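Below: structure.pdb (PDB, C-alpha atoms)
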ATOM      1  CA  VAL N   1     -14.943 -29.788   2.975  1.00  0.00           C
ATOM      2  CA  ASP N   2     -14.059 -26.178   3.358  1.00  0.00           C
ATOM      3  CA  LEU N   3     -16.769 -23.749   4.263  1.00  0.00           C
ATOM      4  CA  LEU N   4     -18.018 -20.285   3.735  1.00  0.00           C
ATOM      5  CA  LEU N   5     -16.617 -18.110   6.487  1.00  0.00           C
ATOM      6  CA  MET N   6     -18.249 -14.894   7.537  1.00  0.00           C
ATOM      7  CA  PHE N   7     -16.732 -12.416   9.917  1.00  0.00           C
ATOM      8  CA  CYS N   8     -19.158  -9.832  11.163  1.00  0.00           C
ATOM      9  CA  ASP N   9     -17.591  -6.836  12.749  1.00  0.00           C
ATOM     10  CA  VAL N  10     -19.672  -5.046  15.320  1.00  0.00           C
ATOM     11  CA  PHE N  11     -18.894  -1.398  15.084  1.00  0.00           C
ATOM     12  CA  GLN N  12     -19.291   1.099  17.931  1.00  0.00           C
ATOM     13  CA  GLY N  13     -22.180  -0.645  19.653  1.00  0.00           C
ATOM     14  CA  SER N  14     -24.375  -0.916  16.598  1.00  0.00           C
ATOM     15  CA  PHE N  15     -24.313  -3.563  13.926  1.00  0.00           C
ATOM     16  CA  ASN N  16     -22.645  -2.526  10.681  1.00  0.00           C
ATOM     17  CA  SER N  17     -23.726  -4.887   7.941  1.00  0.00           C
ATOM     18  CA  GLU N  18     -21.619  -3.232   5.254  1.00  0.00           C
ATOM     19  CA  GLU N  19     -18.463  -4.102   7.112  1.00  0.00           C
ATOM     20  CA  ALA N  20     -19.772  -7.621   7.563  1.00  0.00           C
ATOM     21  CA  GLU N  21     -20.230  -8.086   3.825  1.00  0.00           C
ATOM     22  CA  ASN N  22     -16.747  -6.787   3.084  1.00  0.00           C
ATOM     23  CA  VAL N  23     -15.217  -9.466   5.228  1.00  0.00           C
ATOM     24  CA  VAL N  24     -16.767 -12.538   3.589  1.00  0.00           C
ATOM     25  CA  LYS N  25     -14.143 -15.044   2.665  1.00  0.00           C
ATOM     26  CA  GLU N  26     -15.056 -17.593   0.078  1.00  0.00           C
ATOM     27  CA  SER N  27     -13.707 -21.089   0.428  1.00  0.00           C
ATOM     28  CA  VAL N  28     -13.096 -24.080  -1.756  1.00  0.00           C
ATOM     29  CA  LEU N  29     -16.656 -25.423  -1.447  1.00  0.00           C
ATOM     30  CA  GLY N  30     -16.439 -24.319  -5.074  1.00  0.00           C
ATOM     31  CA  GLY N  31     -15.119 -27.709  -6.091  1.00  0.00           C
ATOM     32  CA  ASP N  32     -17.917 -29.727  -4.492  1.00  0.00           C
ATOM     33  CA  ASP N  33     -21.120 -30.724  -6.233  1.00  0.00           C
ATOM     34  CA  TYR N  34     -24.467 -30.725  -4.468  1.00  0.00           C
ATOM     35  CA  SER N  35     -24.733 -33.992  -2.589  1.00  0.00           C
ATOM     36  CA  GLN N  36     -27.788 -34.975  -0.602  1.00  0.00           C
ATOM     37  CA  THR N  37     -25.729 -37.100   1.730  1.00  0.00           C
ATOM     38  CA  HIS N  38     -23.362 -34.264   2.586  1.00  0.00           C
ATOM     39  CA  VAL N  39     -25.528 -31.169   2.509  1.00  0.00           C
ATOM     40  CA  ASN N  40     -26.770 -31.700   6.038  1.00  0.00           C
ATOM     41  CA  LYS N  41     -23.224 -31.655   7.342  1.00  0.00           C
ATOM     42  CA  TRP N  42     -22.340 -28.603   5.265  1.00  0.00           C
ATOM     43  CA  THR N  43     -25.181 -26.409   6.484  1.00  0.00           C
ATOM     44  CA  ALA N  44     -24.581 -27.409  10.084  1.00  0.00           C
ATOM     45  CA  ALA N  45     -20.883 -26.700   9.813  1.00  0.00           C
ATOM     46  CA  ILE N  46     -21.413 -23.338   8.101  1.00  0.00           C
ATOM     47  CA  VAL N  47     -23.757 -22.007  10.768  1.00  0.00           C
ATOM     48  CA  GLU N  48     -21.543 -23.309  13.548  1.00  0.00           C
ATOM     49  CA  ARG N  49     -18.395 -21.734  12.198  1.00  0.00           C
ATOM     50  CA  CYS N  50     -20.107 -18.375  11.636  1.00  0.00           C
ATOM     51  CA  LEU N  51     -21.545 -18.363  15.112  1.00  0.00           C
ATOM     52  CA  THR N  52     -18.226 -19.263  16.676  1.00  0.00           C
ATOM     53  CA  GLN N  53     -16.530 -16.363  14.942  1.00  0.00           C
ATOM     54  CA  LEU N  54     -19.273 -13.986  16.026  1.00  0.00           C
ATOM     55  CA  VAL N  55     -19.175 -15.063  19.644  1.00  0.00           C
ATOM     56  CA  LYS N  56     -15.404 -14.563  19.682  1.00  0.00           C
ATOM     57  CA  LEU N  57     -16.006 -10.862  19.095  1.00  0.00           C
ATOM     58  CA  ASN N  58     -17.223 -10.744  22.667  1.00  0.00           C
ATOM     59  CA  LYS N  59     -19.897  -8.122  22.079  1.00  0.00           C
ATOM     60  CA  PRO N  60     -23.154  -7.767  24.059  1.00  0.00           C
ATOM     61  CA  TYR N  61     -25.244  -9.368  21.318  1.00  0.00           C
ATOM     62  CA  LYS N  62     -27.401 -12.410  20.806  1.00  0.00           C
ATOM     63  CA  TYR N  63     -26.929 -13.987  17.360  1.00  0.00           C
ATOM     64  CA  ILE N  64     -28.993 -16.037  14.959  1.00  0.00           C
ATOM     65  CA  VAL N  65     -27.313 -17.546  11.903  1.00  0.00           C
ATOM     66  CA  THR N  66     -29.321 -19.299   9.195  1.00  0.00           C
ATOM     67  CA  CYS N  67     -28.064 -21.072   6.102  1.00  0.00           C
ATOM     68  CA  SER N  68     -29.932 -22.470   3.096  1.00  0.00           C
ATOM     69  CA  VAL N  69     -28.345 -24.620   0.402  1.00  0.00           C
ATOM     70  CA  MET N  70     -30.315 -25.347  -2.736  1.00  0.00           C
ATOM     71  CA  GLN N  71     -29.461 -27.637  -5.607  1.00  0.00           C
ATOM     72  CA  LYS N  72     -29.439 -25.918  -9.019  1.00  0.00           C
ATOM     73  CA  THR N  73     -32.136 -27.500 -11.141  1.00  0.00           C
ATOM     74  CA  GLY N  74     -33.919 -24.427 -12.393  1.00  0.00           C
ATOM     75  CA  ALA N  75     -36.383 -24.173  -9.522  1.00  0.00           C
ATOM     76  CA  GLY N  76     -37.216 -20.742  -8.248  1.00  0.00           C
ATOM     77  CA  LEU N  77     -36.253 -19.828  -4.702  1.00  0.00           C
ATOM     78  CA  HIS N  78     -37.256 -16.744  -2.793  1.00  0.00           C
ATOM     79  CA  THR N  79     -36.435 -15.728   0.774  1.00  0.00           C
ATOM     80  CA  ALA N  80     -37.574 -12.812   2.916  1.00  0.00           C
ATOM     81  CA  ASN N  81     -36.952 -11.639   6.491  1.00  0.00           C
ATOM     82  CA  SER N  82     -38.774  -9.225   8.679  1.00  0.00           C
ATOM     83  CA  CYS N  83     -37.634  -8.075  12.103  1.00  0.00           C
ATOM     84  CA  PHE N  84     -39.286  -6.423  15.057  1.00  0.00           C
ATOM     85  CA  TRP N  85     -36.422  -4.951  17.077  1.00  0.00           C
ATOM     86  CA  ASP N  86     -34.449  -1.866  17.974  1.00  0.00           C
ATOM     87  CA  THR N  87     -33.364  -0.455  14.624  1.00  0.00           C
ATOM     88  CA  SER N  88     -30.623   1.697  16.124  1.00  0.00           C
ATOM     89  CA  MET N  89     -28.804  -1.181  17.818  1.00  0.00           C
ATOM     90  CA  ASP N  90     -29.760  -4.377  15.997  1.00  0.00           C
ATOM     91  CA  GLY N  91     -28.945  -5.472  12.494  1.00  0.00           C
ATOM     92  CA  SER N  92     -28.607  -8.237   9.977  1.00  0.00           C
ATOM     93  CA  CYS N  93     -26.488  -9.239   7.043  1.00  0.00           C
ATOM     94  CA  THR N  94     -27.235 -11.710   4.225  1.00  0.00           C
ATOM     95  CA  VAL N  95     -24.640 -13.230   1.947  1.00  0.00           C
ATOM     96  CA  ARG N  96     -25.427 -15.130  -1.231  1.00  0.00           C
ATOM     97  CA  TRP N  97     -22.934 -17.577  -2.700  1.00  0.00           C
ATOM     98  CA  GLU N  98     -23.061 -20.102  -5.529  1.00  0.00           C
ATOM     99  CA  ASN N  99     -21.068 -22.616  -7.493  1.00  0.00           C
ATOM    100  CA  ARG N 100     -21.904 -24.751 -10.502  1.00  0.00           C
ATOM    101  CA  THR N 101     -24.375 -27.045  -8.727  1.00  0.00           C
ATOM    102  CA  MET N 102     -25.782 -25.137  -5.778  1.00  0.00           C
ATOM    103  CA  TYR N 103     -26.811 -21.854  -4.212  1.00  0.00           C
ATOM    104  CA  CYS N 104     -26.041 -20.957  -0.617  1.00  0.00           C
ATOM    105  CA  VAL N 105     -27.676 -18.109   1.316  1.00  0.00           C
ATOM    106  CA  VAL N 106     -26.389 -17.239   4.786  1.00  0.00           C
ATOM    107  CA  SER N 107     -28.104 -14.693   7.058  1.00  0.00           C
ATOM    108  CA  VAL N 108     -26.812 -13.328  10.315  1.00  0.00           C
ATOM    109  CA  PHE N 109     -29.043 -11.464  12.775  1.00  0.00           C
ATOM    110  CA  ALA N 110     -27.509  -9.594  15.704  1.00  0.00           C
ATOM    111  CA  VAL N 111     -29.760  -8.463  18.538  1.00  0.00           C
ATOM    112  CA  CYS N 112     -28.389  -6.185  21.221  1.00  0.00           C
ATOM    113  CA  ILE N 113     -28.661  -7.176  24.848  1.00  0.00           C
ATOM    114  CA  ALA N 114     -30.034  -4.018  26.388  1.00  0.00           C
TER     115      ALA N 114
ATOM    116  CA  MET G   1     -41.651 -17.870  24.635  1.00  0.00           C
ATOM    117  CA  ASP G   2     -43.074 -21.261  23.719  1.00  0.00           C
ATOM    118  CA  ASP G   3     -46.130 -20.405  25.783  1.00  0.00           C
ATOM    119  CA  PHE G   4     -47.624 -18.228  23.144  1.00  0.00           C
ATOM    120  CA  MET G   5     -45.788 -19.414  20.048  1.00  0.00           C
ATOM    121  CA  SER G   6     -48.431 -21.014  17.910  1.00  0.00           C
ATOM    122  CA  GLU G   7     -47.701 -22.891  14.733  1.00  0.00           C
ATOM    123  CA  ASP G   8     -51.332 -22.517  13.788  1.00  0.00           C
ATOM    124  CA  LYS G   9     -51.017 -18.749  13.590  1.00  0.00           C
ATOM    125  CA  VAL G  10     -48.115 -19.019  11.196  1.00  0.00           C
ATOM    126  CA  GLY G  11     -49.842 -21.679   9.110  1.00  0.00           C
ATOM    127  CA  CYS G  12     -52.907 -19.480   8.925  1.00  0.00           C
ATOM    128  CA  SER G  13     -50.916 -16.519   7.646  1.00  0.00           C
ATOM    129  CA  VAL G  14     -49.506 -18.600   4.812  1.00  0.00           C
ATOM    130  CA  GLU G  15     -52.889 -20.074   3.955  1.00  0.00           C
ATOM    131  CA  THR G  16     -54.393 -16.602   3.757  1.00  0.00           C
ATOM    132  CA  VAL G  17     -51.637 -15.134   1.637  1.00  0.00           C
ATOM    133  CA  ILE G  18     -50.905 -18.003  -0.762  1.00  0.00           C
ATOM    134  CA  GLY G  19     -53.681 -20.588  -0.480  1.00  0.00           C
ATOM    135  CA  GLU G  20     -54.030 -22.661  -3.640  1.00  0.00           C
ATOM    136  CA  ASN G  21     -52.068 -20.300  -5.901  1.00  0.00           C
ATOM    137  CA  SER G  22     -49.471 -21.833  -8.189  1.00  0.00           C
ATOM    138  CA  TYR G  23     -45.841 -20.781  -8.011  1.00  0.00           C
ATOM    139  CA  LYS G  24     -45.412 -17.666 -10.143  1.00  0.00           C
ATOM    140  CA  HIS G  25     -42.100 -15.912 -10.413  1.00  0.00           C
ATOM    141  CA  GLY G  26     -43.771 -12.537 -10.742  1.00  0.00           C
ATOM    142  CA  ARG G  27     -45.803 -12.913  -7.557  1.00  0.00           C
ATOM    143  CA  VAL G  28     -43.518 -14.793  -5.208  1.00  0.00           C
ATOM    144  CA  ASN G  29     -41.794 -11.604  -4.067  1.00  0.00           C
ATOM    145  CA  GLN G  30     -45.129 -10.218  -2.933  1.00  0.00           C
ATOM    146  CA  TRP G  31     -46.025 -13.477  -1.173  1.00  0.00           C
ATOM    147  CA  THR G  32     -42.845 -13.736   0.873  1.00  0.00           C
ATOM    148  CA  THR G  33     -43.202 -10.119   1.946  1.00  0.00           C
ATOM    149  CA  SER G  34     -46.865 -10.543   2.895  1.00  0.00           C
ATOM    150  CA  VAL G  35     -46.252 -13.757   4.795  1.00  0.00           C
ATOM    151  CA  VAL G  36     -43.469 -12.303   6.961  1.00  0.00           C
ATOM    152  CA  GLU G  37     -45.438  -9.124   7.511  1.00  0.00           C
ATOM    153  CA  GLN G  38     -48.584 -10.965   8.574  1.00  0.00           C
ATOM    154  CA  CYS G  39     -46.636 -13.167  10.977  1.00  0.00           C
ATOM    155  CA  LEU G  40     -44.841 -10.207  12.482  1.00  0.00           C
ATOM    156  CA  ILE G  41     -48.101  -8.297  12.949  1.00  0.00           C
ATOM    157  CA  GLN G  42     -49.662 -11.261  14.758  1.00  0.00           C
ATOM    158  CA  LEU G  43     -46.610 -11.565  16.976  1.00  0.00           C
ATOM    159  CA  SER G  44     -46.370  -7.895  17.874  1.00  0.00           C
ATOM    160  CA  LYS G  45     -50.095  -7.892  18.749  1.00  0.00           C
ATOM    161  CA  LEU G  46     -49.280 -10.312  21.559  1.00  0.00           C
ATOM    162  CA  ASP G  47     -47.622  -7.396  23.332  1.00  0.00           C
ATOM    163  CA  LYS G  48     -44.844  -9.409  24.911  1.00  0.00           C
ATOM    164  CA  PRO G  49     -41.383  -8.052  25.800  1.00  0.00           C
ATOM    165  CA  PHE G  50     -39.707  -9.788  22.862  1.00  0.00           C
ATOM    166  CA  LYS G  51     -37.815  -8.895  19.712  1.00  0.00           C
ATOM    167  CA  PHE G  52     -38.833 -11.037  16.731  1.00  0.00           C
ATOM    168  CA  ILE G  53     -37.209 -12.218  13.543  1.00  0.00           C
ATOM    169  CA  VAL G  54     -39.361 -13.910  10.911  1.00  0.00           C
ATOM    170  CA  ASN G  55     -37.742 -15.691   7.986  1.00  0.00           C
ATOM    171  CA  CYS G  56     -39.637 -17.103   4.992  1.00  0.00           C
ATOM    172  CA  ILE G  57     -38.390 -19.305   2.147  1.00  0.00           C
ATOM    173  CA  ILE G  58     -40.511 -20.210  -0.869  1.00  0.00           C
ATOM    174  CA  MET G  59     -39.248 -22.846  -3.270  1.00  0.00           C
ATOM    175  CA  GLN G  60     -40.807 -24.063  -6.479  1.00  0.00           C
ATOM    176  CA  LYS G  61     -41.403 -27.814  -6.628  1.00  0.00           C
ATOM    177  CA  ASN G  62     -39.288 -29.265  -9.371  1.00  0.00           C
ATOM    178  CA  GLY G  63     -37.250 -31.940  -7.691  1.00  0.00           C
ATOM    179  CA  ALA G  64     -34.417 -29.739  -6.425  1.00  0.00           C
ATOM    180  CA  GLY G  65     -32.989 -30.493  -3.016  1.00  0.00           C
ATOM    181  CA  LEU G  66     -33.133 -27.826  -0.326  1.00  0.00           C
ATOM    182  CA  GLN G  67     -31.462 -27.897   3.070  1.00  0.00           C
ATOM    183  CA  THR G  68     -31.718 -25.163   5.707  1.00  0.00           C
ATOM    184  CA  ALA G  69     -30.022 -24.888   9.081  1.00  0.00           C
ATOM    185  CA  SER G  70     -29.901 -22.297  11.815  1.00  0.00           C
ATOM    186  CA  THR G  71     -27.993 -21.872  15.020  1.00  0.00           C
ATOM    187  CA  CYS G  72     -28.514 -19.365  17.802  1.00  0.00           C
ATOM    188  CA  PHE G  73     -26.467 -17.785  20.550  1.00  0.00           C
ATOM    189  CA  TRP G  74     -28.969 -16.580  23.154  1.00  0.00           C
ATOM    190  CA  ASP G  75     -30.497 -17.219  26.529  1.00  0.00           C
ATOM    191  CA  ASN G  76     -31.985 -20.724  26.512  1.00  0.00           C
ATOM    192  CA  ASN G  77     -34.330 -19.937  29.359  1.00  0.00           C
ATOM    193  CA  THR G  78     -36.123 -17.041  27.745  1.00  0.00           C
ATOM    194  CA  ASP G  79     -35.543 -17.230  23.985  1.00  0.00           C
ATOM    195  CA  GLY G  80     -36.880 -19.677  21.442  1.00  0.00           C
ATOM    196  CA  SER G  81     -37.788 -20.416  17.856  1.00  0.00           C
ATOM    197  CA  CYS G  82     -40.404 -22.195  15.827  1.00  0.00           C
ATOM    198  CA  THR G  83     -40.261 -23.455  12.237  1.00  0.00           C
ATOM    199  CA  VAL G  84     -43.327 -24.242  10.170  1.00  0.00           C
ATOM    200  CA  ARG G  85     -43.293 -26.120   6.881  1.00  0.00           C
ATOM    201  CA  TRP G  86     -46.202 -25.662   4.490  1.00  0.00           C
ATOM    202  CA  GLU G  87     -46.771 -26.795   0.922  1.00  0.00           C
ATOM    203  CA  ASN G  88     -49.244 -26.888  -1.886  1.00  0.00           C
ATOM    204  CA  ASP G  89     -49.072 -28.523  -5.331  1.00  0.00           C
ATOM    205  CA  THR G  90     -46.412 -26.250  -6.777  1.00  0.00           C
ATOM    206  CA  MET G  91     -44.293 -24.909  -3.928  1.00  0.00           C
ATOM    207  CA  TYR G  92     -42.787 -25.426  -0.499  1.00  0.00           C
ATOM    208  CA  VAL G  93     -42.874 -22.676   2.110  1.00  0.00           C
ATOM    209  CA  ILE G  94     -40.671 -22.714   5.210  1.00  0.00           C
ATOM    210  CA  ILE G  95     -41.211 -20.083   7.890  1.00  0.00           C
ATOM    211  CA  SER G  96     -38.945 -19.642  10.896  1.00  0.00           C
ATOM    212  CA  VAL G  97     -39.790 -17.395  13.803  1.00  0.00           C
ATOM    213  CA  PHE G  98     -37.173 -16.448  16.400  1.00  0.00           C
ATOM    214  CA  GLY G  99     -38.139 -14.674  19.610  1.00  0.00           C
ATOM    215  CA  LEU G 100     -35.568 -13.018  21.862  1.00  0.00           C
ATOM    216  CA  ALA G 101     -36.464 -11.689  25.282  1.00  0.00           C
ATOM    217  CA  ILE G 102     -35.704  -8.091  26.026  1.00  0.00           C
TER     218      ILE G 102
END

Written as structure tokens, that's how I'd like the structure from this file.
Amino acid sequence: VDLLLMFCDVFQGSFNSEEAENVVKESVLGGDDYSQTHVNKWTAAIVERCLTQLVKLNKPYKYIVTCSVMQKTGAGLHTANSCFWDTSMDGSCTVRWENRTMYCVVSVFAVCIA
Amino acid sequence: MDDFMSEDKVGCSVETVIGENSYKHGRVNQWTTSVVEQCLIQLSKLDKPFKFIVNCIIMQKNGAGLQTASTCFWDNNTDGSCTVRWENDTMYVIISVFGLAI
């Protein structure tokens, strides 16, 4: 199963979420249908891969990556985030992806180590 | 961080904001915003040297499957998280709080 890859580029000491969104690469999860037996593996793999890429950037940041996958059955889904941090140095980026049978929302939070 | 992290506080915030209301598309936006705001206010009142991230998901109950995962790159000694799951007759609410030491 291929996964959604997100590369977040940290720009000049502060987090630039626009750049992060530009670098989203979509993978061939497009062919897979929502499967209860596999979804656990998918979400775990997505967050792991994102985090690995972020850590490779070697920037003085702590990271939190969250991923939600929801089956498409017509249910309503709403998500919200609120953050108490240093707005000049910290930032976040949320990417929404879907295919025929599921929605996927990935959020990355980057918190500067002072 | 686990010293003061209280699941009760988070559960209370949700109870206050949503209570027995039924899932309504027109109001859910307001609810998610209020829930995260309330949680964040409670947390900042604690006056601890932490940065906080509060994440809230509300899903209508209609048989759909939902899976969430999170992973963190931080200092295991000082940072932590807490996830609370709440529901009523028509919706599920999942709130995650992450606290990072300054």

request  = Return the neighbours of chain G among the residues of chain N, cut-off 9 Å, counting all atoms listed in the file, as a ChimeraX atom specification.
outcome  = /N:34-36,39-40,43-44,46-48,51,55,61-86,109,111-114

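Going from CA of Glu98 (chain N) to CA of His38 (chain N) covers 16.3 Å.
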
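CA of Cys104 (chain N) lies 19.5 Å from CA of Arg85 (chain G).
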
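Taking CA of Asp32 (chain N) and CA of Tyr103 (chain N) as endpoints, the distance between them is 11.9 Å.
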
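The nearest approach to Val10 (chain G) among the residues G:Ser81, G:Gln42, G:Asn88, G:Lys48, with only C-alpha atoms taken into account, belongs to G:Gln42.
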
Mind working out the centre and edge lengths of an axis-aligned box for region 15-25 of chain G, all listed atoms inside, 4 Å added to each side, rounded to one decimal in Å and written as JSON?
{"center_x": -48.2, "center_y": -18.9, "center_z": -3.2, "size_x": 20.3, "size_y": 15.5, "size_z": 22.4}
